[in-house]
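Each remark here refers to the structure printed beneath this line.
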Amino acid sequence: MDGLLVVSVEQAVAAPYCAARLADAGARVIKIERPEGDFARAYDGYVKGESSYFVWLNRGKQSVALDFKQAEDLALLHRMIAKADVLIQNLAPGAAERAGFGSAAMRAHHRRLITVDVSGYGDHGPYKNRRAYDLLVQAESGLASITGTADAPGRVGISATDIGTGMYAHAAVLEALLARQKTGEGRAISVSLFSSMAEWMTVPLLAMDYAAYEWPRLGLTHPFIAPYGVYPSADKVPLLISIQNDREFERLCHGVLDRPGLEKDPDYATNKARNSRRDATNAIVQECFGAQSFETLAAKLDAAQIAWARVSSVGDLSRHPQLRRTVFTSNKGEVSIPALAASYAGEPERLGDVPALGQ
């Protein structure tokens with residue numbers, strides 16, 4: 001994306017994620033901040049005194065601090081937008097319009113401009129003017145109601161709503177850029193935290209709409225599939241297995257449980273049968289797993305071609321043999337993070353630097 005100019009009036013997570021991915025691909029991204037800076041700069045100080053969120057999501061950008069109430073600053077922003085290919089903003093509802101750079105007005109003046117409005121609830125409906133944050137939308141969308149255990153709903157442990165919204169915005173920008181090559185016209189894109197999570201909630205919603213099925217909170221298990229859950233080994237290592245079909249269950253019985261023939265028992269021969277007696281199914285698996293070490297079980301599961309995982313801690317992830325890493329530089333030194341998920345030959349060894357305010 002060399003030669004592409006992105007102006008992003010952004011804060012927090014969702015819009016910065018979208019802009020960071022464009023910067024990773026070579027676009028020039030100018031991050032517009034308030035004079036006091038993006039408030040995400042002060043979220044925490046875990047990365048050598050800097051915010052973990054900020055250094056992750058603002059690599060490869062330039063920072064410009066503007067006060068839109070000042071005529072000169074607003075005029076500078078308009079000059080930047082006039083040269084931009086993409087304008088992203090995730091200010092409070094209506095703030096961009098009130099400040100004088102709303103997407104409709106900017107698109108009217110610049111037909112090739114792609115605008116991206118990131119909001120809590122979108123540009124329609126009774127909630128369109130409501131402020132929103134990640135956890136609030138996890139709750140409002142129903143995601144929290146199916147997350148956690150039977151005792152209480154829970155929060156997804158990362159900013160899933162913000163990150164998912166940023167990913168949708170990034171994909172929409174790429175589609176708009178491809179379309180512009182054919183039509184010469186830009187596009188007005190609106191993406192909201194709520195709509196992003198509503199799409200992620202499609203399967204539980206379908207189950208409710210068409211079968212009145214209340215999706216349960218089950219922790220680390222699955223409402224339709226058994227055995228599917230955590231079974232500690234004799235040395236107390238939590239292993240999670242997922243038996244997706246009857247052929248896998250047969251391999252589990254023969255190669256791990258040492259119960260050949262169980263797969264032919266009518267009580268366990270099909271997933272529906274196993275799921276209908278979930279407690280008994282789990283007890284059979286746990287009896288076997290609880291009598292063997294993690295190392296022994298890992299070898300047997302691999303040999304039987306059974307999908308499994310250890311329930312890892314964040315510390316385990318940091319040391320994980322499968323983790324690829326990349327690096328970039330912040331004001332406090334070099335930072336190492338997980339490599340971008342999509343890899344390709346010739347990908348850059350480093351990502352862009354994190355800017356200081358106004359840098």
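In the structure tokens, the first chain shown is A, the next is B, and so on; residue numbers restart at 1 for each chain, and ligands run from 1 in the order shown.
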Could you please write out, as an MDAnalysis selection string, every residue of range 153-290 of chain A that DSSP assigns to alpha helix (DSSP H)? chainID A and resid 160:183 193:200 202:211 246:255 271:276 278:289
When DSSP works through the backbone of this structure, what residues of range 304-337 of chain A end up as strand (DSSP E or B), shown as a list in words? Trp308, Ala309, Arg310, Arg325, Thr326, Val327, Phe328, Thr329, Ser330, Gly333, Glu334, Val335, Ser336 and Ile337 of chain A
For CA of Ala150 in chain A and CA of Pro216 in chain A, the interatomic separation in Å (one decimal):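 A separation of 7.5 Å between them.
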Give the answer as one residue: which of A:Ala99, A:Ala92, A:Arg259, A:Tyr46 has the shortest atom-to-atom distance to Ala75 in chain A, using only C-alpha atoms? A:Ala99
Compile the contact shell of range 133-138 of chain A as an MDAnalysis selection string: residues with an atom at most 8 Å away, counting only C-alpha atoms, same-chain residues fewer than 5 positions apart removed. chainID A and resid 120 143:144 155:156 159:162 193:194 197
Using N, CA and C atoms, can you write the selected residues to a file as a compact mmCIF listing (two decimals), in the first residue's frame?
```txt
# COMPACT_ATOMS: atom_id res chain seq x y z
N GLY A 120 -20.32 3.07 18.37
CA GLY A 120 -20.82 2.02 19.25
C GLY A 120 -21.98 1.27 18.66
N LEU A 143 -23.30 -11.32 24.14
CA LEU A 143 -22.08 -12.12 24.22
C LEU A 143 -21.77 -12.51 25.66
N ALA A 144 -21.91 -11.57 26.59
CA ALA A 144 -21.61 -11.87 27.99
C ALA A 144 -22.54 -12.93 28.55
N ARG A 155 -16.89 -11.80 31.05
CA ARG A 155 -16.31 -10.97 30.00
C ARG A 155 -15.30 -11.79 29.23
N VAL A 156 -15.30 -11.69 27.90
CA VAL A 156 -14.19 -12.23 27.14
C VAL A 156 -12.95 -11.48 27.60
N SER A 159 -10.17 -7.36 24.57
CA SER A 159 -11.14 -6.41 24.00
C SER A 159 -11.68 -6.95 22.67
N ALA A 160 -12.43 -8.05 22.76
CA ALA A 160 -12.88 -8.74 21.56
C ALA A 160 -13.77 -7.87 20.69
N THR A 161 -14.63 -7.07 21.30
CA THR A 161 -15.54 -6.21 20.53
C THR A 161 -14.76 -5.17 19.75
N ASP A 162 -13.84 -4.49 20.41
CA ASP A 162 -13.03 -3.48 19.73
C ASP A 162 -12.18 -4.09 18.61
N LEU A 193 -19.48 -1.32 16.90
CA LEU A 193 -19.16 -2.38 17.84
C LEU A 193 -20.33 -3.35 17.97
N PHE A 194 -21.54 -2.82 18.04
CA PHE A 194 -22.71 -3.67 18.23
C PHE A 194 -22.94 -4.58 17.03
N MET A 197 -20.42 -7.48 16.94
CA MET A 197 -20.72 -8.57 17.86
C MET A 197 -22.02 -9.28 17.52
```
Could you check which of A:Pro204, A:Ile225, A:Gln244, A:Ala234 is closest to Cys288 in chain A, using only C-alpha atoms?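 The answer is A:Ala234, which sits nearest to Cys288 in chain A.
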Determine, counting only C-alpha atoms, which protein, DNA and RNA residues have an atom within 9 Å of an atom of range 102-118 of chain A; residues of the same chain fewer than 2 positions away are not included. Present the result as an NGL selection string. :A and (14-15 or 78 or 81-91 or 94-100 or 120-123 or 165-166 or 169 or 172-173 or 176-177 or 180 or 184-193)
A:Cys253, A:Ala211, A:Ala42, A:Leu4 ranked by distance to Val29 in chain A, top pick (using only C-alpha atoms): A:Leu4
Could you check which of A:Gly142, A:Gly358, A:Gly333, A:Pro321 is closest to Met201 in chain A, using only C-alpha atoms?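 So, comparing all the options, the nearest one is A:Gly142.
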A:Lys264, A:Arg59, A:Arg34, A:Arg325: which is nearest Cys18 in chain A, counting only C-alpha atoms?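 Counting only C-alpha atoms, the residue closest to Cys18 in chain A is A:Arg59.
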Got a sec: who's within 9 Å of Asp67 in chain A, counting only C-alpha atoms, leaving out chain neighbours fewer than 3 positions off, as a VMD selection string? chain A and resid 33 to 35 70 to 74
Based on the selection just made, write C-alpha atoms of those residues as a PDB file, in the first residue's frame.
```pdb
ATOM      1  CA  GLU A  33      -4.783  13.167  18.437  1.00  0.00           C
ATOM      2  CA  ARG A  34      -6.118  15.707  20.876  1.00  0.00           C
ATOM      3  CA  PRO A  35      -3.507  18.126  22.269  1.00  0.00           C
ATOM      4  CA  GLN A  70      -8.873  26.282  16.550  1.00  0.00           C
ATOM      5  CA  ALA A  71      -9.470  27.468  12.978  1.00  0.00           C
ATOM      6  CA  GLU A  72      -5.879  26.880  11.927  1.00  0.00           C
ATOM      7  CA  ASP A  73      -5.874  23.305  13.217  1.00  0.00           C
ATOM      8  CA  LEU A  74      -9.180  22.514  11.521  1.00  0.00           C
TER       9      LEU A  74
END
```
Closest of A:Ala356, A:Pro238, A:Tyr344, A:Phe328 to Arg41 in chain A - atom-to-atom distances counting only C-alpha atoms: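 Nearest candidate to Arg41 in chain A out of A:Ala356, A:Pro238, A:Tyr344, A:Phe328: A:Ala356.
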